[in-house]
Amino acid sequence: MSPLDALGFAPMVPDMERVETSLRASVRAEDPFLSDVAGHLISAGGKRLRPALAVCAAYAAKGLGPAADDAVTGGVAVELVHLGSLYHDDVIDEAETRRGVPSVNARWSNIVAILAGDYLLARASSLAASLGADVAALLAATIGELCRGQVLELQHLFDADRSVAAYVDAISGKTAALFATACRVGGTVSAVDDPTLEALTTFGQHLGMCFQIVDDVLDVTASEDVLGKPAGNDILEGVYTLPVIHALAESAELRDLLGRKVDRDTLPRARALVAAGDAVPRAIEAAREHAADASAVLRSTSALDAQVVDGLTRLVDTLVTREF
């Protein structure tokens, strides 16, 4: 089940269909090969959570109803940044699958994946520019934040002493910043006042933190079928996420296994050690704290539509408990 089902907004289906149509149109190029490569992950599907947040921010500002074209365009721009980052991430990770299909780098090459990812970022920038200087500047700054977060993560590969603070700083940039931007774009194109815009942005930031922490828990607890990508890949790549950081502090055996590359035969034992103690519940509790903060900031903002706030709060709860 999609987490968007938790929202229960009647306009969401047609508005997300508009997003999908615009996404596909935005990556069409004169060169059929470039169109094919750029549209590869769009065709593979996805939750489309980031454009949905842009649309929902517009709902929250204006009330339920068909979203304005600018909100849809802003959501598409944010999703293109996300997709472009996935193309680049898969090159860094040498990933072979994404969303249940071969990754672009595996199907074609690293060079093709990098250039296609750049093309998606360029298309995102063009759409953002069509919405005005504020949105264009916001998206440019967000792309910079994604890069900063990724670089911070790369500095701690195979680091068994990676701190919780270093992890939080990295995911704040590489994941939460784009969630915050999606909400801010929806508020910006809806011309909300500054306090409301900041509330929407803060909501998105906390939601993104919650989402990433839960995603990292699933990487060590869920199956490949559930994830749509290889399970335990973060451990293989030396990216020690919050549950692993907590488990490393608890388990001498895990510390003996990690701190260097592990093979597929060793991976199940490493995942089992992470799942065995208090590490996973502690990570989930951190996600719940961000979820509570996300809901609280929405409910403290009287300028937002109460029905939409209720729906977004349900979405927060769904992201914490998701197993898809």
# chains A, B, ... in the order shown; residues from 1 in each chain; ligands from 1
>>> residues_around(residues="region 10-24 of chain A", least_positions_apart="2", cutoff="7 Å", atoms="only C-alpha atoms", output="JSON, numbers by chain")
{"A": [8, 26, 27, 28, 39, 65, 66, 67, 72, 76]}
>>> write_last_selection(atoms="N, CA and C atoms", output="PDB file, in the first residue's frame")
ATOM      1  N   GLY A   8      -5.937  10.263   2.179  1.00  0.00           N
ATOM      2  CA  GLY A   8      -7.378  10.199   1.989  1.00  0.00           C
ATOM      3  C   GLY A   8      -7.981  11.435   1.342  1.00  0.00           C
ATOM      4  N   SER A  26       8.513  15.975 -19.019  1.00  0.00           N
ATOM      5  CA  SER A  26       9.678  16.807 -18.700  1.00  0.00           C
ATOM      6  C   SER A  26      10.999  16.184 -19.121  1.00  0.00           C
ATOM      7  N   VAL A  27      11.046  14.864 -19.319  1.00  0.00           N
ATOM      8  CA  VAL A  27      12.315  14.214 -19.659  1.00  0.00           C
ATOM      9  C   VAL A  27      12.402  13.819 -21.135  1.00  0.00           C
ATOM     10  N   ARG A  28      11.398  14.207 -21.907  1.00  0.00           N
ATOM     11  CA  ARG A  28      11.482  13.918 -23.337  1.00  0.00           C
ATOM     12  C   ARG A  28      12.546  14.794 -23.980  1.00  0.00           C
ATOM     13  N   GLY A  39      14.038   8.580 -18.640  1.00  0.00           N
ATOM     14  CA  GLY A  39      12.737   8.125 -18.176  1.00  0.00           C
ATOM     15  C   GLY A  39      12.729   6.743 -17.562  1.00  0.00           C
ATOM     16  N   GLY A  65      -8.791  20.781  -3.115  1.00  0.00           N
ATOM     17  CA  GLY A  65      -9.271  21.109  -4.453  1.00  0.00           C
ATOM     18  C   GLY A  65      -8.153  20.818  -5.427  1.00  0.00           C
ATOM     19  N   PRO A  66      -8.410  20.861  -6.712  1.00  0.00           N
ATOM     20  CA  PRO A  66      -7.330  20.640  -7.666  1.00  0.00           C
ATOM     21  C   PRO A  66      -6.162  21.583  -7.381  1.00  0.00           C
ATOM     22  N   ALA A  67      -4.956  21.042  -7.352  1.00  0.00           N
ATOM     23  CA  ALA A  67      -3.777  21.856  -7.078  1.00  0.00           C
ATOM     24  C   ALA A  67      -3.504  22.791  -8.251  1.00  0.00           C
ATOM     25  N   VAL A  72       2.017  21.648  -9.014  1.00  0.00           N
ATOM     26  CA  VAL A  72       2.373  20.426  -9.730  1.00  0.00           C
ATOM     27  C   VAL A  72       3.759  20.559 -10.346  1.00  0.00           C
ATOM     28  N   VAL A  76       7.101  18.331  -9.513  1.00  0.00           N
ATOM     29  CA  VAL A  76       7.848  17.604 -10.552  1.00  0.00           C
ATOM     30  C   VAL A  76       9.322  17.983 -10.500  1.00  0.00           C
TER      31      VAL A  76
END
>>> closest_atom_pairs(of="region 8-110 of chain A", to="region 296-308 of chain A", cutoff="12 Å", atoms="only C-alpha atoms", output="tab-separated table")
residue	atom	partner	partner_atom	distance
A:Gly8	CA	A:Val308	CA	9.4
A:Phe9	CA	A:Val308	CA	8.1
A:Ala10	CA	A:Val308	CA	11.3
A:Pro11	CA	A:Val308	CA	11.6
A:Met12	CA	A:Val308	CA	11.4
A:Leu53	CA	A:Val308	CA	11.2
A:Val55	CA	A:Val308	CA	10.9
A:Cys56	CA	A:Val308	CA	7.3
A:Ala57	CA	A:Val308	CA	8.6
A:Ala58	CA	A:Leu304	CA	9.7
A:Tyr59	CA	A:Val308	CA	6.7
A:Ala60	CA	A:Asp305	CA	4.9
A:Ala61	CA	A:Leu304	CA	5.5
A:Lys62	CA	A:Asp305	CA	7.4
A:Gly63	CA	A:Asp305	CA	5.7
A:Leu64	CA	A:Val308	CA	7.4
A:Gly65	CA	A:Val308	CA	10.9
>>> atom_distance(atom1="CA of Leu4 (chain A)", atom2="CA of Thr202 (chain A)")
19.8 Å
>>> closest_atom_pairs(of="region 44-137 of chain A", to="region 148-159 of chain A", cutoff="12 Å", atoms="only C-alpha atoms", output="CSV")
residue,atom,partner,partner_atom,distance
A:Ser85,CA,A:Gln150,CA,9.8
A:Leu86,CA,A:Gln150,CA,11.5
A:His88,CA,A:Gln150,CA,10.4
A:Asp89,CA,A:Gln150,CA,8.8
A:Ile92,CA,A:Leu154,CA,9.6
A:Asp93,CA,A:Leu154,CA,10.7
>>> atom_distance(atom1="CA of Cys210 (chain A)", atom2="CA of Val316 (chain A)")
8.3 Å
>>> residues_around(residues="region 117-129 of chain A", least_positions_apart="2", cutoff="7 Å", atoms="only C-alpha atoms", output="ChimeraX atom specification")
/A:26,38,73-74,77-78,80-81,84-85,87-88,113-115,131-133,135-136,139
>>> write_last_selection(atoms="C-alpha atoms", output="PDB file, in the first residue's frame")
ATOM      1  CA  SER A  26       9.678  16.807 -18.700  1.00  0.00           C
ATOM      2  CA  ALA A  38      16.173   9.713 -18.442  1.00  0.00           C
ATOM      3  CA  THR A  73       5.330  21.912 -11.606  1.00  0.00           C
ATOM      4  CA  GLY A  74       7.186  22.501  -8.344  1.00  0.00           C
ATOM      5  CA  ALA A  77      11.007  19.708 -10.222  1.00  0.00           C
ATOM      6  CA  VAL A  78      11.656  18.271  -6.758  1.00  0.00           C
ATOM      7  CA  LEU A  80      13.491  15.209 -10.849  1.00  0.00           C
ATOM      8  CA  VAL A  81      16.165  16.257  -8.358  1.00  0.00           C
ATOM      9  CA  GLY A  84      18.839  12.532 -10.607  1.00  0.00           C
ATOM     10  CA  SER A  85      20.378  11.899  -7.197  1.00  0.00           C
ATOM     11  CA  TYR A  87      21.148   7.862 -10.755  1.00  0.00           C
ATOM     12  CA  HIS A  88      24.287   9.281  -9.172  1.00  0.00           C
ATOM     13  CA  ALA A 113      23.984   7.165 -15.615  1.00  0.00           C
ATOM     14  CA  ILE A 114      25.991  10.223 -14.578  1.00  0.00           C
ATOM     15  CA  LEU A 115      25.040  12.198 -17.696  1.00  0.00           C
ATOM     16  CA  LEU A 131       8.293  29.404 -11.080  1.00  0.00           C
ATOM     17  CA  GLY A 132      10.404  32.439 -10.248  1.00  0.00           C
ATOM     18  CA  ALA A 133      13.721  33.399  -8.729  1.00  0.00           C
ATOM     19  CA  VAL A 135      12.035  28.712  -6.236  1.00  0.00           C
ATOM     20  CA  ALA A 136      15.037  28.563  -8.575  1.00  0.00           C
ATOM     21  CA  LEU A 139      16.236  24.299  -5.651  1.00  0.00           C
TER      22      LEU A 139
END
>>> atom_distance(atom1="CA of Asp317 (chain A)", atom2="CA of Ala286 (chain A)")
13.5 Å
>>> residues_around(residues="Ala160 (chain A)", least_positions_apart="2", cutoff="8 Å", atoms="only C-alpha atoms", output="list of chain:residue names")
A:Phe158, A:Arg162, A:Tyr240, A:Ile245, A:Leu248, A:Arg255, A:Leu258, A:Gly259
>>> write_last_selection(atoms="N, CA, C and O atoms", output="short mmCIF file (atom, residue, chain, number, x, y, z; two decimals), in the first residue's frame")
data_model
loop_
_atom_site.label_atom_id
_atom_site.label_comp_id
_atom_site.auth_asym_id
_atom_site.auth_seq_id
_atom_site.Cartn_x
_atom_site.Cartn_y
_atom_site.Cartn_z
N PHE A 158 32.86 2.81 6.15
CA PHE A 158 33.53 1.75 6.92
C PHE A 158 34.08 2.28 8.25
O PHE A 158 35.03 1.73 8.79
N ARG A 162 31.69 5.92 13.63
CA ARG A 162 30.84 7.01 13.17
C ARG A 162 29.86 7.39 14.28
O ARG A 162 29.23 6.52 14.89
N TYR A 240 27.33 3.10 7.64
CA TYR A 240 26.81 2.62 8.92
C TYR A 240 25.76 3.62 9.42
O TYR A 240 26.08 4.73 9.86
N ILE A 245 25.01 1.98 13.98
CA ILE A 245 25.81 2.73 14.94
C ILE A 245 25.48 2.30 16.36
O ILE A 245 26.37 2.06 17.19
N LEU A 248 26.78 -1.29 16.95
CA LEU A 248 28.23 -1.34 17.10
C LEU A 248 28.65 -1.02 18.53
O LEU A 248 29.66 -1.54 19.02
N ARG A 255 31.49 -5.38 15.88
CA ARG A 255 32.68 -4.54 15.66
C ARG A 255 33.80 -5.33 15.01
O ARG A 255 34.58 -4.80 14.21
N LEU A 258 32.69 -5.56 11.18
CA LEU A 258 32.61 -4.34 10.39
C LEU A 258 33.89 -3.52 10.52
O LEU A 258 34.86 -3.93 11.13
N GLY A 259 33.87 -2.34 9.90
CA GLY A 259 35.09 -1.52 9.84
C GLY A 259 35.89 -1.79 8.60
O GLY A 259 36.94 -1.18 8.36
#
>>> select_by_dssp(residues="region 170-233 of chain A", states="helix (DSSP H, G or I)", output="ChimeraX atom specification")
/A:170-189,194-221,224-227,233
>>> residues_around(residues="Thr221 (chain A)", least_positions_apart="4", cutoff="8 Å", atoms="only C-alpha atoms", output="PyMOL selection string")
chain A and resi 217+271+275
>>> closest_residue(among="A:Ala137, A:Ala291, A:Ala44, A:Leu267", to="Gln205 (chain A)", atoms="only C-alpha atoms")
A:Ala291
>>> select_by_dssp(residues="region 43-277 of chain A", states="strand (DSSP E or B)", output="list in words")
Thr97, Arg98, Val101 and Pro102 of chain A
>>> residues_around(residues="Arg50 (chain A)", least_positions_apart="2", cutoff="7 Å", atoms="only C-alpha atoms", output="PDB file with N, CA and C atoms, in the first residue's frame")
ATOM      1  N   ARG A  48       6.487   8.657  -5.201  1.00  0.00           N
ATOM      2  CA  ARG A  48       6.218  10.057  -5.566  1.00  0.00           C
ATOM      3  C   ARG A  48       5.864  10.875  -4.316  1.00  0.00           C
ATOM      4  N   ALA A  52       4.108  14.747  -3.938  1.00  0.00           N
ATOM      5  CA  ALA A  52       2.863  14.733  -3.165  1.00  0.00           C
ATOM      6  C   ALA A  52       2.925  15.737  -2.026  1.00  0.00           C
ATOM      7  N   LEU A  53       4.092  15.892  -1.414  1.00  0.00           N
ATOM      8  CA  LEU A  53       4.234  16.869  -0.336  1.00  0.00           C
ATOM      9  C   LEU A  53       4.073  18.298  -0.860  1.00  0.00           C
ATOM     10  N   ALA A  54       4.604  18.563  -2.053  1.00  0.00           N
ATOM     11  CA  ALA A  54       4.425  19.892  -2.642  1.00  0.00           C
ATOM     12  C   ALA A  54       2.942  20.168  -2.888  1.00  0.00           C
ATOM     13  N   GLY A  75       6.381  20.320  -7.696  1.00  0.00           N
ATOM     14  CA  GLY A  75       6.539  18.942  -7.255  1.00  0.00           C
ATOM     15  C   GLY A  75       7.330  18.111  -8.241  1.00  0.00           C
ATOM     16  N   VAL A  78      11.057  18.934  -7.921  1.00  0.00           N
ATOM     17  CA  VAL A  78      11.656  18.271  -6.758  1.00  0.00           C
ATOM     18  C   VAL A  78      11.869  16.785  -7.036  1.00  0.00           C
ATOM     19  N   GLU A  79      10.901  16.146  -7.673  1.00  0.00           N
ATOM     20  CA  GLU A  79      11.045  14.713  -7.974  1.00  0.00           C
ATOM     21  C   GLU A  79      12.182  14.462  -8.959  1.00  0.00           C
ATOM     22  N   PHE A 179      12.845  16.883   1.232  1.00  0.00           N
ATOM     23  CA  PHE A 179      11.485  16.863   1.785  1.00  0.00           C
ATOM     24  C   PHE A 179      11.078  18.279   2.207  1.00  0.00           C
ATOM     25  N   ALA A 182      10.355  20.347  -0.863  1.00  0.00           N
ATOM     26  CA  ALA A 182       9.062  20.020  -1.479  1.00  0.00           C
ATOM     27  C   ALA A 182       7.938  20.779  -0.796  1.00  0.00           C
TER      28      ALA A 182
END
